[in-house]
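Input: a single structure, listed below in structure tokens.
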Amino acid sequence: MTRTRIARRALLVAAGLALFAVSAAAQAPQQILAPSGKLKAGLYPGTPTSILPAGPGVEPRGIGYELGKELARRLGVPYEPVVFAKNAEVIDAVKSGAVDVAFTNASPARAQIMDFGPPFLEIELGLLVPPGAKLTSPADMDAAGLKIGVVTASSSDAALSRDLKKSEVVKVETTALGVTMLKEGKLDGFATNKAALYEMADKLPGGKVLDGRWGVERHAIAIPKGRDAGRDYIKTYTEDVKASGLVKAAIERSGLRGAMTSEGK
């Protein structure tokens, strides 16, 4: 083979590789993060951190709902909110790849089964007590005879089931059931993030979210394992929606209490 032919073939190969790289780069975010052609966002009702369903004349609200909608817009794909009954089902859906993104507490345990971008939201973890409760501080909830409710398979469940040695951790399926049990005197307190606790307190006359905290949740965008090439896009998107004020605006629209835009990267 002559030098001319070798040089020509090398140029053709290089041109082909360059074209492939440009094409792949242009399509990568959509193909990786929304492989079905639409962005499926895992959400669950009952908390402003995820979704507050629409009502008469009211559009859906919630941090997760809004961030997912904007992410789909930027990717140029249709948005498909997938609403589950509880957060544990959202986690399972991310793990299996049934949804493309979720917006949840980036705990070490969850990082084993899904990948996270940087945090966009920080929320104090606290305690809701019923009227006439003896408890006055989250620091006092580990005591013999006390029953502390948590949502089954939540990050609060994992942390308190490990850390509380004297009180009984009572696992319930939903926060709505937690409110019922507090009303009926079956729980001495309910532990989760304060954003959810304030929503619960609105349904518990005389109930109170105690001052103080027992921890902090840092919420981030989660994607299924195996989509590593999309993590840089998620990181850039997260930093942008924080810096542009979109997260702050979503917090205000949702009526989220006890939370702030994360400063972490």
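Just remember, in the structure tokens the first chain shown is A, the second B, etc., residues are 1-based per chain, and ligands are 1-based in the order shown.
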
Could you write out, as a compact mmCIF listing (two decimals) with N, CA and C atoms, in the first residue's frame, all the residues of segment 35-262 of chain A that DSSP marks as alpha helix (DSSP H)?
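To be explicit, this is the file written out as out.txt:
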# COMPACT_ATOMS: atom_id res chain seq x y z
N ILE A 63 -40.82 20.05 44.78
CA ILE A 63 -39.45 20.25 44.31
C ILE A 63 -39.09 19.20 43.25
N GLY A 64 -39.34 17.94 43.56
CA GLY A 64 -39.01 16.89 42.61
C GLY A 64 -39.76 17.04 41.30
N TYR A 65 -41.05 17.32 41.39
CA TYR A 65 -41.87 17.48 40.18
C TYR A 65 -41.31 18.59 39.30
N GLU A 66 -40.98 19.73 39.89
CA GLU A 66 -40.50 20.87 39.11
C GLU A 66 -39.11 20.63 38.53
N LEU A 67 -38.21 20.04 39.32
CA LEU A 67 -36.87 19.78 38.80
C LEU A 67 -36.90 18.74 37.68
N GLY A 68 -37.79 17.76 37.80
CA GLY A 68 -37.92 16.77 36.75
C GLY A 68 -38.47 17.37 35.47
N LYS A 69 -39.45 18.25 35.61
CA LYS A 69 -40.05 18.90 34.44
C LYS A 69 -39.03 19.75 33.70
N GLU A 70 -38.22 20.50 34.45
CA GLU A 70 -37.20 21.35 33.83
C GLU A 70 -36.10 20.50 33.19
N LEU A 71 -35.73 19.39 33.83
CA LEU A 71 -34.72 18.51 33.26
C LEU A 71 -35.19 17.94 31.93
N ALA A 72 -36.44 17.52 31.86
CA ALA A 72 -37.00 16.99 30.61
C ALA A 72 -36.99 18.06 29.52
N ARG A 73 -37.33 19.28 29.90
CA ARG A 73 -37.34 20.38 28.93
C ARG A 73 -35.95 20.60 28.34
N ARG A 74 -34.94 20.58 29.22
CA ARG A 74 -33.58 20.81 28.74
C ARG A 74 -33.07 19.66 27.90
N LEU A 75 -33.51 18.46 28.21
CA LEU A 75 -33.11 17.30 27.41
C LEU A 75 -33.86 17.24 26.09
N ASN A 87 -42.41 6.42 49.19
CA ASN A 87 -41.05 6.63 48.73
C ASN A 87 -40.29 5.31 48.52
N ALA A 88 -40.59 4.31 49.33
CA ALA A 88 -39.90 3.02 49.17
C ALA A 88 -40.11 2.45 47.77
N GLU A 89 -41.29 2.69 47.20
CA GLU A 89 -41.57 2.21 45.84
C GLU A 89 -40.79 3.01 44.81
N VAL A 90 -40.58 4.30 45.08
CA VAL A 90 -39.74 5.12 44.19
C VAL A 90 -38.31 4.58 44.18
N ILE A 91 -37.80 4.28 45.37
CA ILE A 91 -36.43 3.76 45.48
C ILE A 91 -36.29 2.46 44.70
N ASP A 92 -37.26 1.57 44.83
CA ASP A 92 -37.24 0.30 44.09
C ASP A 92 -37.27 0.54 42.58
N ALA A 93 -38.03 1.56 42.16
CA ALA A 93 -38.16 1.85 40.73
C ALA A 93 -36.86 2.40 40.16
N VAL A 94 -36.13 3.20 40.94
CA VAL A 94 -34.82 3.68 40.48
C VAL A 94 -33.85 2.51 40.40
N LYS A 95 -33.87 1.68 41.41
CA LYS A 95 -32.96 0.53 41.46
C LYS A 95 -33.15 -0.39 40.25
N SER A 96 -34.41 -0.60 39.85
CA SER A 96 -34.70 -1.51 38.74
C SER A 96 -34.60 -0.83 37.38
N PRO A 108 -25.98 7.16 52.46
CA PRO A 108 -24.96 6.19 52.06
C PRO A 108 -25.55 4.86 51.61
N ALA A 109 -26.63 4.42 52.28
CA ALA A 109 -27.25 3.14 51.91
C ALA A 109 -27.83 3.21 50.50
N ARG A 110 -28.48 4.31 50.17
CA ARG A 110 -29.07 4.44 48.83
C ARG A 110 -28.00 4.59 47.76
N ALA A 111 -26.86 5.19 48.12
CA ALA A 111 -25.78 5.35 47.16
C ALA A 111 -25.20 4.01 46.72
N SER A 155 -34.97 6.50 55.00
CA SER A 155 -33.64 6.71 55.57
C SER A 155 -33.75 6.94 57.08
N SER A 156 -34.87 7.52 57.54
CA SER A 156 -35.08 7.68 58.99
C SER A 156 -35.22 6.32 59.66
N ASP A 157 -35.91 5.41 59.00
CA ASP A 157 -36.04 4.04 59.50
C ASP A 157 -34.65 3.43 59.68
N ALA A 158 -33.82 3.53 58.65
CA ALA A 158 -32.49 2.93 58.71
C ALA A 158 -31.66 3.54 59.84
N ALA A 159 -31.70 4.87 59.96
CA ALA A 159 -30.86 5.54 60.96
C ALA A 159 -31.33 5.26 62.38
N LEU A 160 -32.64 5.39 62.62
CA LEU A 160 -33.14 5.26 63.99
C LEU A 160 -33.23 3.80 64.43
N SER A 161 -33.50 2.90 63.50
CA SER A 161 -33.48 1.48 63.86
C SER A 161 -32.09 1.05 64.31
N ARG A 162 -31.09 1.73 63.79
CA ARG A 162 -29.70 1.46 64.18
C ARG A 162 -29.32 2.18 65.48
N ASP A 163 -29.76 3.43 65.62
CA ASP A 163 -29.25 4.28 66.70
C ASP A 163 -30.05 4.27 68.00
N THR A 175 -46.94 8.45 55.87
CA THR A 175 -47.04 9.50 56.87
C THR A 175 -48.49 9.71 57.30
N ALA A 176 -49.44 9.47 56.39
CA ALA A 176 -50.86 9.61 56.74
C ALA A 176 -51.23 8.63 57.85
N LEU A 177 -50.72 7.41 57.77
CA LEU A 177 -50.97 6.43 58.82
C LEU A 177 -50.28 6.86 60.11
N GLY A 178 -49.12 7.50 59.98
CA GLY A 178 -48.42 8.02 61.16
C GLY A 178 -49.24 9.04 61.90
N VAL A 179 -49.91 9.94 61.17
CA VAL A 179 -50.79 10.93 61.79
C VAL A 179 -51.92 10.25 62.54
N THR A 180 -52.53 9.25 61.92
CA THR A 180 -53.63 8.52 62.56
C THR A 180 -53.17 7.87 63.87
N MET A 181 -51.99 7.28 63.86
CA MET A 181 -51.48 6.60 65.05
C MET A 181 -51.13 7.60 66.15
N LEU A 182 -50.66 8.78 65.77
CA LEU A 182 -50.41 9.82 66.77
C LEU A 182 -51.72 10.27 67.41
N LYS A 183 -52.77 10.43 66.60
CA LYS A 183 -54.08 10.82 67.11
C LYS A 183 -54.63 9.79 68.08
N LYS A 194 -38.24 17.58 58.50
CA LYS A 194 -39.19 18.58 58.98
C LYS A 194 -40.16 19.05 57.90
N ALA A 195 -39.76 18.97 56.64
CA ALA A 195 -40.68 19.34 55.57
C ALA A 195 -41.92 18.46 55.62
N ALA A 196 -41.73 17.16 55.78
CA ALA A 196 -42.86 16.24 55.89
C ALA A 196 -43.58 16.41 57.23
N LEU A 197 -42.82 16.67 58.29
CA LEU A 197 -43.43 16.81 59.62
C LEU A 197 -44.39 18.00 59.68
N TYR A 198 -44.03 19.11 59.06
CA TYR A 198 -44.94 20.27 59.06
C TYR A 198 -46.24 19.95 58.31
N GLU A 199 -46.13 19.18 57.23
CA GLU A 199 -47.34 18.76 56.50
C GLU A 199 -48.20 17.87 57.40
N MET A 200 -47.55 16.98 58.13
CA MET A 200 -48.29 16.10 59.05
C MET A 200 -48.93 16.90 60.17
N ALA A 201 -48.20 17.89 60.69
CA ALA A 201 -48.70 18.69 61.81
C ALA A 201 -49.98 19.44 61.45
N ARG A 231 -23.83 11.27 34.49
CA ARG A 231 -23.63 11.91 35.79
C ARG A 231 -23.09 13.33 35.67
N ASP A 232 -22.22 13.58 34.69
CA ASP A 232 -21.71 14.94 34.52
C ASP A 232 -22.83 15.90 34.15
N TYR A 233 -23.76 15.43 33.33
CA TYR A 233 -24.89 16.28 32.94
C TYR A 233 -25.75 16.59 34.17
N ILE A 234 -26.00 15.58 35.00
CA ILE A 234 -26.80 15.78 36.21
C ILE A 234 -26.09 16.74 37.16
N LYS A 235 -24.78 16.61 37.27
CA LYS A 235 -24.02 17.52 38.14
C LYS A 235 -24.15 18.96 37.66
N THR A 236 -23.94 19.17 36.35
CA THR A 236 -24.02 20.51 35.79
C THR A 236 -25.43 21.08 35.94
N TYR A 237 -26.43 20.24 35.68
CA TYR A 237 -27.83 20.68 35.79
C TYR A 237 -28.14 21.09 37.24
N THR A 238 -27.71 20.28 38.19
CA THR A 238 -27.98 20.58 39.60
C THR A 238 -27.36 21.90 40.02
N GLU A 239 -26.10 22.10 39.67
CA GLU A 239 -25.42 23.35 40.04
C GLU A 239 -26.11 24.55 39.39
N ASP A 240 -26.60 24.36 38.18
CA ASP A 240 -27.24 25.47 37.48
C ASP A 240 -28.58 25.84 38.11
N VAL A 241 -29.41 24.84 38.45
CA VAL A 241 -30.72 25.17 39.01
C VAL A 241 -30.59 25.73 40.42
N LYS A 242 -29.51 25.41 41.11
CA LYS A 242 -29.25 26.05 42.41
C LYS A 242 -28.83 27.50 42.22
N ALA A 243 -27.86 27.72 41.34
CA ALA A 243 -27.32 29.06 41.14
C ALA A 243 -28.35 30.01 40.53
N LEU A 246 -33.76 28.46 40.68
CA LEU A 246 -34.91 27.60 40.41
C LEU A 246 -35.29 26.77 41.62
N VAL A 247 -34.29 26.24 42.33
CA VAL A 247 -34.59 25.44 43.53
C VAL A 247 -35.27 26.31 44.58
N LYS A 248 -34.74 27.50 44.80
CA LYS A 248 -35.34 28.41 45.77
C LYS A 248 -36.78 28.74 45.42
N ALA A 249 -37.03 29.00 44.13
CA ALA A 249 -38.38 29.32 43.69
C ALA A 249 -39.32 28.13 43.86
N ALA A 250 -38.82 26.93 43.58
CA ALA A 250 -39.64 25.73 43.76
C ALA A 250 -39.98 25.50 45.23
N ILE A 251 -39.02 25.79 46.11
CA ILE A 251 -39.28 25.70 47.56
C ILE A 251 -40.42 26.62 47.94
N GLU A 252 -40.39 27.85 47.45
CA GLU A 252 -41.41 28.83 47.79
C GLU A 252 -42.78 28.44 47.21
N ARG A 253 -42.80 27.99 45.96
CA ARG A 253 -44.08 27.61 45.33
C ARG A 253 -44.72 26.42 46.02
N SER A 254 -43.90 25.51 46.51
CA SER A 254 -44.43 24.29 47.14
C SER A 254 -44.86 24.51 48.58

Where does segment 93-138 of chain A meet segment 34-45 of chain A within 6 Å, residue by residue, with the nearest atom pair and distance in Å to one decimal for each, counting only C-alpha atoms, listed by chain and rising number, as a Markdown table?
| residue | atom | partner | partner_atom | distance |
| --- | --- | --- | --- | --- |
| A:Val99 | CA | A:Lys40 | CA | 5.0 |
| A:Asp100 | CA | A:Lys40 | CA | 5.2 |
| A:Val101 | CA | A:Ala41 | CA | 5.0 |
| A:Ala102 | CA | A:Gly42 | CA | 4.9 |

Keeping N, CA and C atoms, export the residues of the selection given above as a PDB file, in the first residue's frame.
ATOM      1  N   VAL A  99     -37.804   3.858  36.493  1.00  0.00           N
ATOM      2  CA  VAL A  99     -37.831   5.310  36.305  1.00  0.00           C
ATOM      3  C   VAL A  99     -36.408   5.783  36.047  1.00  0.00           C
ATOM      4  N   ASP A 100     -36.302   6.958  35.448  1.00  0.00           N
ATOM      5  CA  ASP A 100     -34.990   7.479  35.046  1.00  0.00           C
ATOM      6  C   ASP A 100     -34.351   8.372  36.095  1.00  0.00           C
ATOM      7  N   VAL A 101     -35.175   9.075  36.861  1.00  0.00           N
ATOM      8  CA  VAL A 101     -34.657   9.974  37.896  1.00  0.00           C
ATOM      9  C   VAL A 101     -35.591   9.961  39.096  1.00  0.00           C
ATOM     10  N   ALA A 102     -35.031  10.316  40.243  1.00  0.00           N
ATOM     11  CA  ALA A 102     -35.821  10.543  41.449  1.00  0.00           C
ATOM     12  C   ALA A 102     -35.132  11.651  42.225  1.00  0.00           C
TER      13      ALA A 102
END

For the atom pair atom CA of Thr152 of chain A and atom CA of Phe103 of chain A, what is the interatomic distance in Å to one decimal place?
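Straight-line distance from atom CA of Thr152 of chain A to atom CA of Phe103 of chain A works out to 17.9 Å.
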
May I ask which of the residues A:Ser137, A:Thr261, A:Thr192, A:Ser50 is the closest one to Gly215 of chain A, counting only C-alpha atoms?
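Looking only at the distances to Gly215 of chain A, the closest residue turns out to be A:Thr192.
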
Enter the distance from atom CA of Thr104 of chain A to atom CA of His219 of chain A, in Å, rounded to one decimal.
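Interatomic distance here is 4.9 Å.
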
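Backbone DSSP over segment 61-111 of chain A yields strand (DSSP E or B) at Arg61, Tyr79, Glu80, Pro81, Val82, Val83, Val101, Ala102, Phe103, Thr104 and Asn105 of chain A.
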
Between atom CA of Leu125 of chain A and atom CA of Pro53 of chain A, what is the distance, to one decimal in Å?
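Computing the Euclidean distance for atom CA of Leu125 of chain A and atom CA of Pro53 of chain A yields 23.8 Å.
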